[in-house]
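What follows is model.cif (mmCIF, C-alpha atoms and all ligand atoms).
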data_work
#
loop_
_atom_site.label_atom_id
_atom_site.label_comp_id
_atom_site.auth_asym_id
_atom_site.auth_seq_id
_atom_site.Cartn_x
_atom_site.Cartn_y
_atom_site.Cartn_z
CA MET A 1 -10.63 -5.54 -15.76
CA LYS A 2 -11.94 -6.46 -12.33
CA GLN A 3 -9.89 -5.87 -9.19
CA LEU A 4 -9.29 -9.54 -8.36
CA ASP A 5 -9.13 -11.10 -11.83
CA GLN A 6 -6.84 -14.18 -11.86
CA LYS A 7 -6.74 -14.31 -8.04
CA THR A 8 -7.87 -17.15 -5.83
CA ALA A 9 -9.06 -16.59 -2.25
CA ILE A 10 -10.09 -18.50 0.85
CA VAL A 11 -12.59 -16.78 3.16
CA THR A 12 -13.24 -18.48 6.51
CA GLY A 13 -16.50 -18.15 8.42
CA ALA A 14 -18.08 -17.18 5.12
CA GLY A 15 -21.58 -18.52 5.72
CA LEU A 16 -22.88 -15.43 7.50
CA GLY A 17 -22.10 -11.82 8.25
CA LEU A 18 -18.87 -10.21 7.13
CA GLY A 19 -17.36 -13.38 5.64
CA ARG A 20 -20.38 -13.83 3.39
CA SER A 21 -20.09 -10.21 2.20
CA ILE A 22 -16.38 -10.65 1.50
CA ALA A 23 -16.88 -13.93 -0.39
CA LEU A 24 -19.57 -12.44 -2.64
CA MET A 25 -17.69 -9.16 -3.17
CA PHE A 26 -14.45 -10.98 -4.07
CA ALA A 27 -16.36 -13.23 -6.51
CA ARG A 28 -18.02 -10.16 -8.07
CA GLU A 29 -14.53 -8.70 -8.54
CA GLY A 30 -13.35 -11.73 -10.49
CA ALA A 31 -11.71 -13.91 -7.81
CA ARG A 32 -12.19 -17.64 -7.62
CA VAL A 33 -13.42 -17.99 -4.04
CA LEU A 34 -13.40 -20.91 -1.62
CA ALA A 35 -15.87 -20.01 1.13
CA THR A 36 -15.54 -22.13 4.28
CA ASP A 37 -17.54 -22.44 7.47
CA PHE A 38 -18.34 -25.03 10.12
CA ARG A 39 -22.07 -24.85 9.29
CA GLU A 40 -23.32 -26.62 6.19
CA ASP A 41 -26.73 -24.86 6.11
CA VAL A 42 -25.20 -21.39 5.77
CA LEU A 43 -22.80 -22.55 3.07
CA ASP A 44 -25.70 -24.07 1.10
CA ALA A 45 -27.57 -20.76 1.33
CA LEU A 46 -24.46 -18.83 0.25
CA ARG A 47 -23.97 -21.05 -2.82
CA LYS A 48 -27.61 -20.56 -3.78
CA ASP A 49 -27.44 -16.76 -3.35
CA ALA A 50 -24.21 -16.58 -5.31
CA ALA A 51 -25.74 -18.59 -8.17
CA GLU A 52 -28.77 -16.28 -8.21
CA GLN A 53 -26.37 -13.35 -8.63
CA GLY A 54 -24.57 -15.15 -11.45
CA LEU A 55 -21.52 -15.77 -9.28
CA LYS A 56 -19.67 -18.99 -8.63
CA VAL A 57 -18.45 -19.57 -5.08
CA GLU A 58 -16.97 -22.92 -4.06
CA THR A 59 -17.75 -24.00 -0.51
CA MET A 60 -16.19 -26.39 1.97
CA LEU A 61 -16.82 -27.35 5.57
CA ALA A 62 -13.87 -26.34 7.75
CA ASP A 63 -13.99 -25.88 11.51
CA MET A 64 -11.30 -23.41 12.58
CA ARG A 65 -10.82 -25.41 15.81
CA LYS A 66 -9.63 -28.46 13.84
CA PRO A 67 -6.08 -28.43 12.44
CA ALA A 68 -6.72 -31.23 9.94
CA GLU A 69 -9.70 -29.39 8.48
CA ILE A 70 -7.68 -26.17 8.25
CA ALA A 71 -4.89 -28.02 6.41
CA ALA A 72 -7.42 -29.52 3.97
CA MET A 73 -8.93 -26.05 3.45
CA ILE A 74 -5.55 -24.55 2.53
CA ASN A 75 -4.82 -27.38 0.08
CA LYS A 76 -8.19 -27.14 -1.66
CA PRO A 77 -7.64 -24.06 -3.89
CA VAL A 78 -4.23 -25.40 -4.88
CA ASP A 79 -5.84 -28.71 -5.88
CA MET A 80 -8.77 -27.02 -7.66
CA TRP A 81 -7.11 -24.03 -9.28
CA GLY A 82 -3.37 -24.57 -8.92
CA ARG A 83 -2.81 -21.53 -6.72
CA LEU A 84 -3.63 -19.70 -3.49
CA ASP A 85 -3.28 -15.92 -3.54
CA ILE A 86 -5.42 -14.55 -0.70
CA LEU A 87 -6.33 -15.90 2.73
CA VAL A 88 -8.99 -14.07 4.74
CA ASN A 89 -9.13 -15.22 8.36
CA ASN A 90 -12.63 -14.00 9.17
CA ALA A 91 -14.30 -16.69 11.33
CA GLY A 92 -14.69 -15.43 14.87
CA ILE A 93 -16.84 -15.72 17.96
CA MET A 94 -17.65 -13.40 20.86
CA ASP A 95 -17.50 -14.04 24.57
CA HIS A 96 -20.13 -12.82 27.05
CA PHE A 97 -18.27 -9.74 28.29
CA GLU A 98 -16.71 -11.60 31.26
CA PRO A 99 -13.68 -9.98 32.95
CA VAL A 100 -10.78 -12.33 33.57
CA ALA A 101 -11.76 -13.55 37.07
CA ASP A 102 -14.98 -14.95 35.65
CA VAL A 103 -13.78 -16.48 32.39
CA SER A 104 -14.21 -20.26 32.43
CA GLU A 105 -11.36 -22.39 31.08
CA ALA A 106 -13.78 -23.76 28.46
CA LEU A 107 -14.81 -20.33 27.16
CA TRP A 108 -11.22 -19.07 27.13
CA GLU A 109 -10.07 -22.10 25.16
CA MET A 110 -12.91 -21.89 22.65
CA VAL A 111 -12.46 -18.17 21.92
CA ILE A 112 -8.68 -18.47 21.61
CA GLU A 113 -9.03 -21.59 19.46
CA VAL A 114 -11.40 -19.99 16.93
CA ASN A 115 -10.14 -16.38 16.96
CA LEU A 116 -6.38 -16.95 17.30
CA ASN A 117 -5.19 -20.55 16.98
CA GLY A 118 -7.31 -21.15 13.86
CA PRO A 119 -5.92 -18.09 12.04
CA PHE A 120 -2.39 -18.96 13.24
CA ARG A 121 -2.64 -22.45 11.70
CA ALA A 122 -4.26 -21.21 8.50
CA MET A 123 -1.47 -18.65 8.08
CA LYS A 124 1.25 -21.19 8.87
CA TYR A 125 -0.09 -23.72 6.36
CA ALA A 126 -0.82 -21.07 3.71
CA LEU A 127 2.69 -19.64 4.04
CA GLY A 128 4.07 -23.11 3.37
CA TYR A 129 2.61 -22.64 -0.10
CA MET A 130 3.04 -18.86 -0.49
CA LEU A 131 6.64 -18.38 0.67
CA PRO A 132 8.33 -20.61 -1.95
CA ARG A 133 6.38 -18.67 -4.60
CA LYS A 134 7.20 -15.32 -3.00
CA SER A 135 3.60 -14.26 -3.35
CA GLY A 136 0.69 -14.12 -0.93
CA ASN A 137 -1.79 -11.84 0.76
CA ILE A 138 -3.21 -12.49 4.23
CA ILE A 139 -6.05 -10.46 5.73
CA ASN A 140 -7.00 -11.04 9.36
CA ILE A 141 -10.33 -9.80 10.67
CA ALA A 142 -9.60 -8.42 14.12
CA SER A 143 -11.83 -5.87 15.88
CA ILE A 144 -11.58 -2.55 17.63
CA GLY A 145 -11.71 -4.91 20.62
CA GLY A 146 -8.17 -5.77 19.51
CA LEU A 147 -7.12 -2.15 20.01
CA GLN A 148 -9.09 -1.17 23.09
CA GLY A 149 -9.66 -2.81 26.46
CA ALA A 150 -13.36 -2.35 26.96
CA ARG A 151 -15.27 -3.45 23.89
CA ALA A 152 -15.77 -7.11 24.88
CA GLY A 153 -14.74 -9.56 27.62
CA ALA A 154 -11.21 -10.64 28.50
CA ALA A 155 -11.14 -13.65 26.16
CA TYR A 156 -12.32 -11.86 23.00
CA THR A 157 -10.21 -8.78 23.77
CA SER A 158 -7.11 -10.96 24.26
CA SER A 159 -7.73 -13.02 21.13
CA LYS A 160 -8.06 -9.95 18.91
CA HIS A 161 -5.08 -8.11 20.46
CA ALA A 162 -2.99 -11.23 19.82
CA LEU A 163 -4.29 -11.53 16.25
CA ILE A 164 -3.14 -7.96 15.63
CA GLY A 165 0.30 -8.82 17.06
CA LEU A 166 0.48 -11.86 14.81
CA THR A 167 -0.50 -9.71 11.84
CA LYS A 168 2.21 -7.12 12.49
CA ASN A 169 4.91 -9.71 13.09
CA THR A 170 3.98 -11.61 9.93
CA GLY A 171 3.76 -8.47 7.81
CA PHE A 172 7.17 -7.36 8.98
CA MET A 173 8.98 -10.72 8.91
CA TYR A 174 7.97 -11.52 5.33
CA ALA A 175 7.94 -7.98 3.95
CA THR A 176 10.85 -8.81 1.64
CA SER A 177 9.44 -12.21 0.69
CA GLY A 178 6.49 -11.12 -1.45
CA ILE A 179 3.96 -11.56 1.34
CA ARG A 180 1.60 -8.93 2.71
CA CYS A 181 -0.34 -9.39 5.94
CA ASN A 182 -2.82 -6.82 7.27
CA ALA A 183 -5.70 -6.70 9.71
CA ILE A 184 -9.04 -4.96 9.70
CA ALA A 185 -10.46 -3.71 12.99
CA PRO A 186 -14.19 -3.32 12.43
CA GLY A 187 -16.48 -1.50 14.79
CA ALA A 188 -20.10 -2.61 15.10
CA MET A 189 -21.56 -4.46 12.12
CA ALA A 190 -25.08 -5.82 11.64
CA THR A 191 -24.25 -9.56 11.63
CA HIS A 192 -25.09 -12.64 13.67
CA ILE A 193 -22.14 -12.55 16.07
CA THR A 194 -24.18 -11.56 19.12
CA ASP A 195 -26.96 -14.12 18.43
CA ALA A 196 -25.37 -16.59 20.86
CA ILE A 197 -25.14 -14.04 23.66
CA ASP A 198 -27.82 -14.20 26.34
CA MET A 199 -28.36 -10.46 26.75
CA GLN A 200 -30.57 -11.00 29.82
CA HIS A 201 -27.78 -12.68 31.75
CA LEU A 202 -24.68 -10.71 30.89
CA HIS A 203 -21.88 -10.23 33.39
CA PRO A 204 -22.86 -7.29 35.66
CA LEU A 205 -19.70 -5.39 34.71
CA ALA A 206 -20.81 -5.39 31.04
CA ALA A 207 -23.49 -2.82 31.76
CA GLU A 208 -21.37 -0.89 34.24
CA ARG A 209 -17.99 -0.82 32.47
CA ILE A 210 -18.46 -1.70 28.79
CA PHE A 211 -21.81 -0.36 27.68
CA PRO A 212 -20.97 3.28 28.55
CA GLY A 213 -18.27 3.01 25.85
CA THR A 214 -20.71 1.64 23.31
CA SER A 215 -22.82 4.79 23.63
CA THR A 216 -20.07 6.65 21.75
CA ASN A 217 -20.49 4.36 18.72
CA PRO A 218 -21.71 6.57 15.86
CA ARG A 219 -23.57 3.75 14.09
CA THR A 220 -23.69 0.10 13.14
CA SER A 221 -22.45 -0.72 9.63
CA ASN A 222 -23.66 -2.99 6.89
CA PRO A 223 -20.92 -5.67 6.58
CA ASP A 224 -20.49 -4.71 2.90
CA GLU A 225 -18.88 -1.47 4.13
CA VAL A 226 -16.16 -3.50 5.84
CA ALA A 227 -15.92 -6.05 3.01
CA ALA A 228 -14.95 -3.10 0.79
CA VAL A 229 -11.90 -2.58 3.03
CA ALA A 230 -10.99 -6.27 2.63
CA LEU A 231 -11.31 -5.82 -1.15
CA PHE A 232 -8.88 -2.89 -1.00
CA LEU A 233 -6.38 -4.96 1.01
CA ALA A 234 -6.79 -7.94 -1.34
CA SER A 235 -6.24 -5.84 -4.45
CA ASP A 236 -3.04 -4.45 -5.91
CA ALA A 237 -4.31 -0.95 -5.00
CA SER A 238 -2.93 -1.62 -1.51
CA SER A 239 0.47 -2.89 -2.69
CA PHE A 240 2.40 -0.74 -0.16
CA VAL A 241 0.06 -1.49 2.77
CA ASN A 242 1.60 -4.19 4.95
CA GLY A 243 1.59 -5.00 8.67
CA SER A 244 -1.21 -2.46 9.10
CA VAL A 245 -4.42 -2.42 11.05
CA LEU A 246 -7.17 -0.57 9.20
CA THR A 247 -10.01 0.48 11.45
CA ALA A 248 -13.45 0.53 9.86
CA ASP A 249 -15.66 1.74 12.66
CA GLY A 250 -17.35 4.94 11.51
CA GLY A 251 -15.08 6.93 13.83
CA TRP A 252 -15.86 5.08 17.05
CA ILE A 253 -12.32 4.81 18.38
CA ALA A 254 -11.57 8.39 17.42
CA TYR A 255 -13.56 9.33 20.51
N1 LIG B 1 -20.18 -7.98 14.09
C1 LIG B 1 -19.40 -7.11 14.68
O1 LIG B 1 -19.89 -6.10 15.23
C2 LIG B 1 -17.90 -7.31 14.67
C3 LIG B 1 -17.08 -6.27 15.13
C4 LIG B 1 -15.70 -6.42 15.09
C5 LIG B 1 -15.14 -7.58 14.59
N2 LIG B 1 -15.95 -8.58 14.14
C6 LIG B 1 -15.29 -9.77 13.61
O2 LIG B 1 -15.75 -10.04 12.31
C7 LIG B 1 -15.60 -11.44 12.02
C8 LIG B 1 -16.88 -11.96 11.40
O3 LIG B 1 -17.90 -11.91 12.37
P1 LIG B 1 -19.43 -11.58 12.02
O4 LIG B 1 -19.78 -10.39 12.80
O5 LIG B 1 -19.64 -11.64 10.58
O6 LIG B 1 -20.12 -12.83 12.76
P2 LIG B 1 -21.23 -13.87 12.30
O7 LIG B 1 -21.55 -14.66 13.53
O8 LIG B 1 -22.34 -13.17 11.59
O9 LIG B 1 -20.46 -14.79 11.25
C9 LIG B 1 -19.39 -15.59 11.68
C10 LIG B 1 -19.28 -16.83 10.81
O10 LIG B 1 -18.21 -17.63 11.32
C11 LIG B 1 -18.63 -18.98 11.40
N3 LIG B 1 -17.88 -19.67 12.44
C12 LIG B 1 -17.99 -19.55 13.79
N4 LIG B 1 -17.18 -20.42 14.41
C13 LIG B 1 -16.52 -21.09 13.43
C14 LIG B 1 -15.55 -22.12 13.43
N5 LIG B 1 -15.11 -22.70 14.57
N6 LIG B 1 -15.08 -22.56 12.25
C15 LIG B 1 -15.54 -22.05 11.08
N7 LIG B 1 -16.48 -21.08 11.02
C16 LIG B 1 -16.96 -20.61 12.19
C17 LIG B 1 -20.13 -18.90 11.71
O11 LIG B 1 -20.81 -20.10 11.35
C18 LIG B 1 -20.55 -17.70 10.86
O12 LIG B 1 -20.92 -18.09 9.56
C19 LIG B 1 -15.21 -12.09 13.35
O13 LIG B 1 -13.84 -12.36 13.37
C20 LIG B 1 -15.57 -11.04 14.38
O14 LIG B 1 -14.82 -11.15 15.55
C21 LIG B 1 -17.30 -8.48 14.17
#
Could the structure of this file be written out as structure tokens, please?
Ligand SMILES: NC(=O)c1ccc[n+]([C@@H]2O[C@H](COP(=O)([O-])OP(=O)(O)OC[C@H]3O[C@@H](n4cnc5c(N)ncnc54)[C@H](O)[C@@H]3O)[C@@H](O)[C@H]2O)c1
Amino acid sequence: MKQLDQKTAIVTGAGLGLGRSIALMFAREGARVLATDFREDVLDALRKDAAEQGLKVETMLADMRKPAEIAAMINKPVDMWGRLDILVNNAGIMDHFEPVADVSEALWEMVIEVNLNGPFRAMKYALGYMLPRKSGNIINIASIGGLQGARAGAAYTSSKHALIGLTKNTGFMYATSGIRCNAIAPGAMATHITDAIDMQHLHPLAAERIFPGTSTNPRTSNPDEVAAVALFLASDASSFVNGSVLTADGGWIAY
């Protein structure tokens, strides 16, 4: 018996990094997985890799900034498989370490849209299906930047703090309705999230105020190490874990 036999799951931002690890790990553990992303090339590569490993992962384009695409994403597993058990809100983007006085309206809106509004809508639509059935499991990928003030810029930090608040409220409000909602706060992972950051032209306060904190990071993880935490939360082994934030950071915030 595999840990996610009979379960169906949506994983957002599943083309690269942590989402890709989660999608493959869930499929390996018996789940029927719908992997979504806003990039077609990475979804094509994921499908190919999954097939080479003897796994079947369904894919779908869904941009977490677009409510209609999020609604279609939530309906898809119900249409395909007749059920939706697990939603993993993983898609996320970084800022460029700007403190609030220097955050442009455009950057603020984009980070909040992808990291907070997208997960909010996905949860709202998924709960429309899960609540009447009194069964559902939501996992939000936050960050230790959602627990501490100096791991990213103001926009990313705010988006992840808010996502943790949303997680706790949801976990508590529906705790007697068959729903669990938890967050993972990863530390550094070897993924593509910093690819879009121009390291040569970072905000001056990044080096002065944020990078001293990063020197206390014990190490950077392989995303599979964090996907294993998502597997625990998705499985019945975590049946009494709800409204929690599990850090997976190698001990970084223990400093
Ligand atoms: N990498 C780290 O060190 C780290 C640390 C803490 C938290 N996180 C969080 O982990 C999650 C996964 O990030 P990652 O490190 O794997 O990054 P990544 O950049 O490697 O992968 C992110 C994926 O999300 C997709 N994506 C981006 N914007 C999207 C949108 N609008 N709609 C749909 N998909 C979109 C990308 O195409 C990509 O496939 C994020 O929520 C991130 O904030 C990452």
Choose the residue, out of A:Ala230, A:Ala162, A:Ala188, A:Ala101, that has the smallest atom-to-atom separation from ligand LIG 1 (chain B); count only C-alpha atoms and all ligand atoms. A:Ala188
Rounded to one decimal, what separation in Å do you get between atom CA of Gly250 of chain A and atom CA of Gly13 of chain A?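 Taking atom CA of Gly250 of chain A as the start and atom CA of Gly13 of chain A as the end point, the length is 23.3 Å.
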Within-6 Å residues of ligand LIG 1 (chain B), basis all atoms listed in the file, as JSON, numbers by chain: {"A": [13, 14, 15, 16, 17, 18, 19, 37, 38, 39, 62, 63, 64, 65, 90, 91, 92, 93, 114, 141, 142, 143, 186, 187, 188, 189, 190, 191, 192, 193]}
What is the atom CA of Asn217 of chain A to atom CA of Ala254 of chain A distance in Å? 9.9 Å
Expressed in Å to a single decimal, how great is the separation between atom CA of Ala106 of chain A and atom CA of Asp195 of chain A? 19.2 Å
Rank nothing, just name the residue among A:Ala71, A:Met60, A:Ile144, A:Leu205 nearest to Asp44 of chain A, using only C-alpha atoms. A:Met60
Counting all atoms listed in the file, the residue among A:Ile184, A:Lys56, A:Asp79, A:Ala122 that lies closest to Leu231 of chain A is A:Ile184
So that I can see what lies close to Leu147 of chain A, please list as a ChimeraX atom specification the residues with an atom at most 12 Å from it, counting only C-alpha atoms and leaving out residues fewer than 5 positions away in the same chain. /A:142,152,156-165,183-187,245-247,249,252-254
Name the residues, using the chain letters and numbers of the file, that sit within 9 Å of (-5.1, -21.5, 8.5) when counting all atoms listed in the file, and give them as a list in words. Thr12, Met64, Pro67, Ile70, Ala71, Met73, Ile74, Leu87, Asn89, Asn117, Gly118, Pro119, Phe120, Arg121, Ala122, Met123, Lys124, Tyr125 and Ala126 of chain A
Neighbour list for Asp224 of chain A as a list of chain:residue names, cut-off 8 Å, only C-alpha atoms, skip fewer than 3 positions in-chain: A:Leu18, A:Ser21, A:Ile22, A:Ala227, A:Ala228
Determine the nearest neighbour of Met199 of chain A from the options A:Pro132, A:Asp95, A:Gly171, A:Ala35, counting only C-alpha atoms. A:Asp95
Which of these, A:Ala27, A:Leu233, A:Leu61, A:Ala154, has the shortest distance to Val111 of chain A once you count only C-alpha atoms?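 So, comparing all the options, the nearest one is A:Ala154.
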Gly213 of chain A environment, 8 Å, only C-alpha atoms, sequence neighbours closer than 4 positions dropped, as a PyMOL selection string: chain A and resi 150-151+209+217
